[in-house]
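Undergrad: One structure is given below, represented as structure tokens, and several questions about it will come after.
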2 protein chains.
Amino acid sequence: MDTARHYGVVMPSWIVSQAVIIAVGSELLTPDRLDTNSLFVTRALNELGISVRYKTVVSDDCDDVGLALKSAIRHAELVVVTGGLGPTDDDITREAISNVFGLPLEEDSDTAVTIRSLFKARGLAMPDINLRQALVPRGAIQIPNARGTAPGLWIDRPTVKCLALPGPPRELEPMFERIAQDRIAPLSEGRSIFRRVIVIAGRNESSVDDIVCPIYSRWRSAPVPIRTTILASLGQIELHLSVVGKNKGEATIALDCATEELRTVLEKDLVSVDGAHLEDVVGSLLCDRGCQVTVAESCTGGLVTSRLTDVPGSSAYVRAGWVVYSNDAKVEILGIDRKLIEKHGAVSEPVARAMALQARARARVDYAIGVTGIAGPGGGSSEKPVGTVCLSLAGPEDQLWDRRLNLPGERGRVKYQASQAALDMLRRALLE
Amino acid sequence: MDTARHYGVVMPSWIVSQAVIIAVGSELLTPDRLDTNSLFVTRALNELGISVRYKTVVSDDCDDVGLALKSAIRHAELVVVTGGLGPTDDDITREAISNVFGLPLEEDSDTAVTIRSLFKARGLAMPDINLRQALVPRGAIQIPNARGTAPGLWIDRPTVKCLALPGPPRELEPMFERIAQDRIAPLSEGRSIFRRVIVIAGRNESSVDDIVCPIYSRWRSAPVPIRTTILASLGQIELHLSVVGKNKGEATIALDCATEELRTVLEKDLVSVDGAHLEDVVGSLLCDRGCQVTVAESCTGGLVTSRLTDVPGSSAYVRAGWVVYSNDAKVEILGIDRKLIEKHGAVSEPVARAMALQARARARVDYAIGVTGIAGPGGGSSEKPVGTVCLSLAGPEDQLWDRRLNLPGERGRVKYQASQAALDMLRRALLE
């Protein structure tokens with residue numbers, strides 16, 4: 001979420017074909033919206049061996065879309081335009097493509113019939129403006145849209161291809177996949193980008209870097225070179241490994257070897273090798289061991305339990321959880337000894353421990369997490385500043401694990417990092 | 001999150017100055033990362049009366065950054081570059097600026113001293129490579145960085161200004177604010193963009209549009225024209241109103257009048273006029289009324305309580321919450337009658353009602369929410385498909401409110417929409 005660095009070979013342009021992504025939409029230039037389609041498009045292109053050279057967001061202005069298109073076709077072999085194919089005057093992608101490629105717009109009678117019948121099927125009169133969606137730059141290939149009225153467009157020129165797709169993800173994604181193999185894959189002549197995402201917990205970025213750097217510097221000059229990116233986000237580090245090539249078997253072996261090397265040096269700090277998050281990994285471990293978990297939460301306010309239940313099938317191992325936000329609730333609902341709170345404070349190892357033990361007994365499960373802390377902005381003291389969090393985990397046969405954390409950042413970040421640490425504590429206990 | 005449409009005047013270029021934002025970083029061209037700095041920069045520029053014409057993400061490649069810069073300085077009065085100012089070979093923003101503006105890089109001795117002393121203070125030896133951060137294109141103004149070693153850069157040319165800032169948000173944001181008034185505000189000659197964000201719940205986008213469209217079509221041609229954007233996200237609709245002008249008083253009056261008109265037609269569906277989310281609004285209402293709330297959650301798994309406790313100061317009105325995920329937990333922990341579950345099923349109005357009533361009695365609070373449903377992907381039936389959610393709210397004097405929802409989408413979306421509906425139900429009850 002915060003920082004990212006790349007190591008290893010910069011991909012020379014001859015290794016893969018390059019694409020430019022243009023997102024069209026004035027709303028994407030406000031402080032409130034991001035172009036998230038480009039993430040899907042990037043992933044899908046990468047799988048077909050095509051990397052993204054740059055991406056641009058432009059407004060619903062025909063000239064600006066035209067400028068972006070002109071620049072893109074000079075710098076890439078494939079241009080993917082998303083958005084601006086709707087029926088209104090704001091939707092100017094068709095016009096911009098027509099202008100830049102010098103292809104006059106013509107009404108496609110089949111598409112016009114299709115659009116008319118879609119409206120008829122819904123019992124609606126079709127406003128004439130919708131016929132704009134039947135306009136096609138001469139010679140362009142239309143891509144059917146099973147979930148909307150706007151077809152996509154494919155322009156095939158000797159030096160560059162241009163793909164235009166509607167903005168709604170549920171329309172765009174199946175349309176992309178429909179033409180991926182036939183039209184896009186041939187551009188990279190069978191090369192693909194193979195990736196592996198390694199998730200690491202319990203270490204910061206520079207500590208991961210110190211351990212791993214000597215290893216991945218070797219990978220750069222290996223027979224199958226591996227490119228590495230390190231990404232730090234709240235409470236975890238990700239290493240993204242990628243190999244570009246035609247030979248899937250070769251790439252898989254290289255990535256498998258690399259992953260094993262990382263497993264050896266990172267030991268239990270390695271959470272997953274397929275990008276799976278802590279809640280997914282914890283879920284699989286609980287399923288494998290036939291164990292159940294409960295959580296007694298104070299400062300995280302339900303977030304740990306909510307994350308555990310984000311995983312499909314989590315009802316197999318989550319029975320119940322408690323949020324005991326006030327001292328009274330800790331005493332009355334969870335049966336924590338009031339004297340314990342008076343003696344040590346609500347944010348203390350003894351209280352976290354009592355929360356875990358009480359929750360475990362009440363839910364009759366194998367593992368219980370207790371979380372108590374100061375999420376802020378108020379409530380901190382010099383002895384226990386904002387970000388102080390006490391975690392306790394009670395396991396089978398009265399095993400107990402404790403941790404005290406000092407977490408940086410505002411309320412939301414403290415809550416999230418505490419939930420990461422709680423899930424990671426459970427993960428490590430399950431591995432013991 | 002899904003769709004957005006703009007209404008009203010398209011801002012002519014003479015109304016406001018225009019900027020281009022360039023984000024530098026190869027990691028921002030992978031399927032896993034978005035350039036989120038541009039949201040902060042856009043908001044900050046808008047407040048200073050500057051709109052964003054387009055934005056581009058480029059890799060850590062000096063030529064590509066150069067291409068993006070050359071295009072930007074032809075199309076905008078201000079170019080904001082984020083990232084690429086670090087100490088490593090990958091950090092090429094300084095070089096690209098030097099090339100494009102024809103300003104040779106020179107070491108700034110003061111900056112070199114500062115960087116050396118930062119390392120010394122941490123007891124570290126400074127790698128020579130860090131002196132790259134002391135390089136300044138001749139004549140550029142350096143912007144001090146209180147939270148890192150990379151200073152920012154400001155290039156002042158008669159027709160275009162260029163601002164380069166480091167990528168980490170905690171460094172970038174204060175640096176931007178530091179120079180905003182003195183250097184950036186003058187570009188728009190005192191004009192600003194004034195905004196108001198209206199949050200609406202309980203209606204879909206087209207229903208909001210039907211009600212509101214006749215109103216905001218009038219605003220376009222008002223003496224102080226108001227531009228409107230409608231944004232639909234999970235379980236809520238936002239209307240963004242904006243006025244461009246020099247006169248804050250005039251803009252405020254226009255926006256106040258517009259907001260009052262919306263309040264009249266939207267009635268209780270209007271959640272907030274300052275962009276506040278449901279959990280914030282519910283929190284304020286609970287504080288005002290001196291009431292407390294508890295939640296008994298099944299399918300939302302703690303999400304409703306977690307969102308309530310996302311609000312600073314929520315310990316004043318959240319005492320406790322329960323996650324009762326299994327039928328046994330509902331019976332044993334919350335005291336739901338097992339026969340009720342057997343008769344109606346766990347996902348039913350009677351069980352939601354019993355959950356709310358039991359939670360309210362146990363937590364001894366004024367309001368209690370019960371949520372039970374099928375988040376999917378498993379567990380659905382033809383009678384109760386995935387997305388079926390029963391909500392119940394128990395209030396003072398044994399008041400009871402019920403709702404049954406059929407929510408679309410995958411597990412995470414069902415959970416979130418259910419939490420939106422639960423918070424909205426409480427909000428409406430508090431307004432009664």
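Residues in the structure tokens are numbered from 1 in each chain, the chains being A, B, ... in the order shown, and ligands are numbered from 1 in the order shown.
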Among the residues of region 271-402 of chain B, find those DSSP assigns to strand (DSSP E) from the backbone and print them as a PyMOL selection string.

TA: chain B and resi 271-272+293-297+318-324+367-373+388-394+400-402

Undergrad: Show me which bits of chain A are within 6 Å of chain B, counting only C-alpha atoms, as number ranges by chain.

TA: A: 31, 39, 42-43, 54-58, 301-303, 305-306, 309, 319-326

Undergrad: Write to file, as an mmCIF file, in the first residue's frame, the residues of the selection just made, with N, CA and C atoms.

TA:
```
data_model
loop_
_atom_site.group_PDB
_atom_site.id
_atom_site.type_symbol
_atom_site.label_atom_id
_atom_site.label_comp_id
_atom_site.auth_asym_id
_atom_site.auth_seq_id
_atom_site.Cartn_x
_atom_site.Cartn_y
_atom_site.Cartn_z
ATOM 1 N N PRO A 31 -11.411 13.710 -7.600
ATOM 2 C CA PRO A 31 -10.661 13.158 -6.453
ATOM 3 C C PRO A 31 -11.276 11.876 -5.900
ATOM 4 N N LEU A 39 -6.456 -2.540 -13.967
ATOM 5 C CA LEU A 39 -5.842 -3.661 -13.247
ATOM 6 C C LEU A 39 -6.240 -4.983 -13.902
ATOM 7 N N THR A 42 -4.513 -5.160 -17.298
ATOM 8 C CA THR A 42 -3.085 -5.445 -17.151
ATOM 9 C C THR A 42 -2.844 -6.922 -16.855
ATOM 10 N N ARG A 43 -3.626 -7.448 -15.917
ATOM 11 C CA ARG A 43 -3.449 -8.857 -15.560
ATOM 12 C C ARG A 43 -3.704 -9.744 -16.785
ATOM 13 N N TYR A 54 2.556 2.252 -20.669
ATOM 14 C CA TYR A 54 2.046 3.309 -19.796
ATOM 15 C C TYR A 54 0.542 3.309 -19.840
ATOM 16 N N LYS A 55 -0.096 4.021 -18.926
ATOM 17 C CA LYS A 55 -1.547 4.150 -19.010
ATOM 18 C C LYS A 55 -1.964 5.581 -18.736
ATOM 19 N N THR A 56 -3.073 5.949 -19.358
ATOM 20 C CA THR A 56 -3.525 7.332 -19.313
ATOM 21 C C THR A 56 -5.017 7.359 -19.021
ATOM 22 N N VAL A 57 -5.425 8.360 -18.238
ATOM 23 C CA VAL A 57 -6.852 8.603 -18.002
ATOM 24 C C VAL A 57 -7.196 9.945 -18.627
ATOM 25 N N VAL A 58 -8.200 9.962 -19.511
ATOM 26 C CA VAL A 58 -8.599 11.220 -20.150
ATOM 27 C C VAL A 58 -10.084 11.474 -19.932
ATOM 28 N N GLY A 301 -12.892 -4.121 17.172
ATOM 29 C CA GLY A 301 -14.332 -3.898 17.000
ATOM 30 C C GLY A 301 -15.057 -4.857 16.069
ATOM 31 N N GLY A 302 -14.547 -6.059 15.881
ATOM 32 C CA GLY A 302 -15.223 -7.020 15.006
ATOM 33 C C GLY A 302 -14.471 -7.285 13.717
ATOM 34 N N LEU A 303 -13.397 -6.519 13.488
ATOM 35 C CA LEU A 303 -12.682 -6.630 12.209
ATOM 36 C C LEU A 303 -12.019 -7.990 12.026
ATOM 37 N N THR A 305 -12.944 -10.936 13.247
ATOM 38 C CA THR A 305 -13.979 -11.923 12.927
ATOM 39 C C THR A 305 -14.528 -11.683 11.528
ATOM 40 N N SER A 306 -14.706 -10.412 11.171
ATOM 41 C CA SER A 306 -15.215 -10.102 9.835
ATOM 42 C C SER A 306 -14.247 -10.604 8.764
ATOM 43 N N THR A 309 -14.444 -14.305 8.381
ATOM 44 C CA THR A 309 -15.670 -14.724 7.680
ATOM 45 C C THR A 309 -15.752 -14.151 6.263
ATOM 46 N N ARG A 319 -17.332 -20.215 14.751
ATOM 47 C CA ARG A 319 -18.633 -20.457 15.392
ATOM 48 C C ARG A 319 -19.220 -19.146 15.888
ATOM 49 N N ALA A 320 -18.367 -18.339 16.515
ATOM 50 C CA ALA A 320 -18.889 -17.164 17.205
ATOM 51 C C ALA A 320 -17.763 -16.178 17.484
ATOM 52 N N GLY A 321 -18.147 -14.958 17.806
ATOM 53 C CA GLY A 321 -17.179 -13.948 18.204
ATOM 54 C C GLY A 321 -17.837 -12.925 19.104
ATOM 55 N N TRP A 322 -17.019 -12.240 19.890
ATOM 56 C CA TRP A 322 -17.543 -11.202 20.775
ATOM 57 C C TRP A 322 -16.842 -9.886 20.505
ATOM 58 N N VAL A 323 -17.615 -8.796 20.516
ATOM 59 C CA VAL A 323 -16.995 -7.483 20.598
ATOM 60 C C VAL A 323 -17.328 -6.942 21.984
ATOM 61 N N VAL A 324 -16.321 -6.773 22.805
ATOM 62 C CA VAL A 324 -16.548 -6.239 24.153
ATOM 63 C C VAL A 324 -15.782 -4.925 24.231
ATOM 64 N N TYR A 325 -16.515 -3.852 23.920
ATOM 65 C CA TYR A 325 -15.853 -2.576 23.687
ATOM 66 C C TYR A 325 -15.639 -1.816 24.985
ATOM 67 N N SER A 326 -16.609 -1.909 25.895
ATOM 68 C CA SER A 326 -16.473 -1.186 27.169
ATOM 69 C C SER A 326 -15.980 -2.144 28.255
#
```

Undergrad: What is the CA of Ala251 (chain B)-CA of Arg196 (chain B) distance in Å, reported with one decimal?

TA: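 If I compute the distance from CA of Ala251 (chain B) to CA of Arg196 (chain B), I get 10.5 Å.
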
Undergrad: What separation in Å, quoted to one decimal, exists between CA of Leu286 (chain B) and CA of Leu426 (chain B)?

TA: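 Atom-to-atom, CA of Leu286 (chain B) to CA of Leu426 (chain B), that is 9.5 Å.
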
Undergrad: What lies within 12 Å of Gly290 (chain B) using only C-alpha atoms, ignoring chain neighbours under 2 positions off, as number ranges by chain?

TA: B: 282-288, 292-293, 316-318, 365-367, 430

Undergrad: I'd like the contact shell of Glu250 (chain B) - 12 Å cut-off, only C-alpha atoms, skipping same-chain residues fewer than 6 positions apart - returned as a list in words.

TA: Ser192, Phe194, Pro223, Val224, Pro225, Ile226, Val243, Val244, Asp256 and Cys257 of chain B

Undergrad: Those same residues, written as an mmCIF file, in the first residue's frame with N, CA and C atoms?

TA:
```
data_model
loop_
_atom_site.group_PDB
_atom_site.id
_atom_site.type_symbol
_atom_site.label_atom_id
_atom_site.label_comp_id
_atom_site.auth_asym_id
_atom_site.auth_seq_id
_atom_site.Cartn_x
_atom_site.Cartn_y
_atom_site.Cartn_z
ATOM 1 N N SER B 192 -11.464 29.070 -7.260
ATOM 2 C CA SER B 192 -11.426 27.787 -6.582
ATOM 3 C C SER B 192 -12.546 26.912 -7.108
ATOM 4 N N PHE B 194 -15.467 24.783 -5.515
ATOM 5 C CA PHE B 194 -16.155 24.521 -4.253
ATOM 6 C C PHE B 194 -17.045 23.303 -4.444
ATOM 7 N N PRO B 223 -27.447 31.703 -12.231
ATOM 8 C CA PRO B 223 -26.397 32.726 -12.239
ATOM 9 C C PRO B 223 -25.055 32.186 -11.732
ATOM 10 N N VAL B 224 -25.111 31.339 -10.708
ATOM 11 C CA VAL B 224 -23.891 30.626 -10.286
ATOM 12 C C VAL B 224 -24.085 29.162 -10.700
ATOM 13 N N PRO B 225 -23.560 28.765 -11.856
ATOM 14 C CA PRO B 225 -23.855 27.410 -12.358
ATOM 15 C C PRO B 225 -23.248 26.333 -11.467
ATOM 16 N N ILE B 226 -24.015 25.266 -11.280
ATOM 17 C CA ILE B 226 -23.549 24.150 -10.457
ATOM 18 C C ILE B 226 -23.403 22.928 -11.349
ATOM 19 N N VAL B 243 -18.996 24.164 -7.786
ATOM 20 C CA VAL B 243 -19.093 25.508 -8.341
ATOM 21 C C VAL B 243 -17.672 26.016 -8.522
ATOM 22 N N VAL B 244 -17.408 26.619 -9.677
ATOM 23 C CA VAL B 244 -16.095 27.213 -9.906
ATOM 24 C C VAL B 244 -16.217 28.723 -9.817
ATOM 25 N N ASP B 256 -25.542 25.914 -0.750
ATOM 26 C CA ASP B 256 -26.487 25.743 0.352
ATOM 27 C C ASP B 256 -27.919 25.618 -0.177
ATOM 28 N N CYS B 257 -28.284 26.500 -1.122
ATOM 29 C CA CYS B 257 -29.636 26.459 -1.683
ATOM 30 C C CYS B 257 -29.866 25.129 -2.385
#
```

Undergrad: Report the distance between CA of Ile374 (chain A) and CA of Asp269 (chain A) in Å, rounded to one decimal place.

TA: 26.0 Å

Undergrad: Tell me, as number ranges by chain, which residues lie within 9 Å of Thr93 (chain B), counting only C-alpha atoms; anything in the same chain fewer than 2 positions away does not count.

TA: B: 24, 60-62, 65-66, 81-86, 91, 95-98, 164

Undergrad: Any chance you can output those residues with C-alpha atoms as a CSV table (one decimal), in the first residue's frame?

TA:
```
chain,number,residue,atom,x,y,z
B,24,VAL,CA,6.3,7.4,-12.1
B,60,ASP,CA,10.9,4.0,-14.2
B,61,ASP,CA,12.3,4.6,-17.6
B,62,CYS,CA,13.9,7.9,-18.2
B,65,VAL,CA,9.1,9.8,-18.3
B,66,GLY,CA,10.6,12.3,-20.8
B,81,VAL,CA,5.1,14.4,-11.2
B,82,THR,CA,5.0,12.0,-8.3
B,83,GLY,CA,7.6,9.4,-7.6
B,84,GLY,CA,11.0,8.5,-9.0
B,85,LEU,CA,13.0,10.9,-6.7
B,86,GLY,CA,14.6,8.2,-4.5
B,91,ASP,CA,14.7,6.8,-9.7
B,95,GLU,CA,17.2,13.1,-15.0
B,96,ALA,CA,14.0,13.2,-17.1
B,97,ILE,CA,13.2,16.8,-15.9
B,98,SER,CA,16.8,17.8,-16.6
B,164,ALA,CA,8.0,16.9,-8.7
```

Undergrad: As a ChimeraX atom specification, please: the residues near Arg157 (chain A) (cut-off 12 Å, only C-alpha atoms, same-chain neighbours under 3 positions excluded).

TA: /A:73,77-79,101-103,139-141,154,160-163

Undergrad: Taking the backbone alone, and naming residues the way the document does, which bits of region 350-412 of chain B are alpha helix (DSSP H) by DSSP, as a list in words?

TA: Pro350, Val351, Ala352, Arg353, Ala354, Met355, Ala356, Leu357, Gln358, Ala359, Arg360, Ala361, Arg362, Ala363, Arg411 and Gly412 of chain B
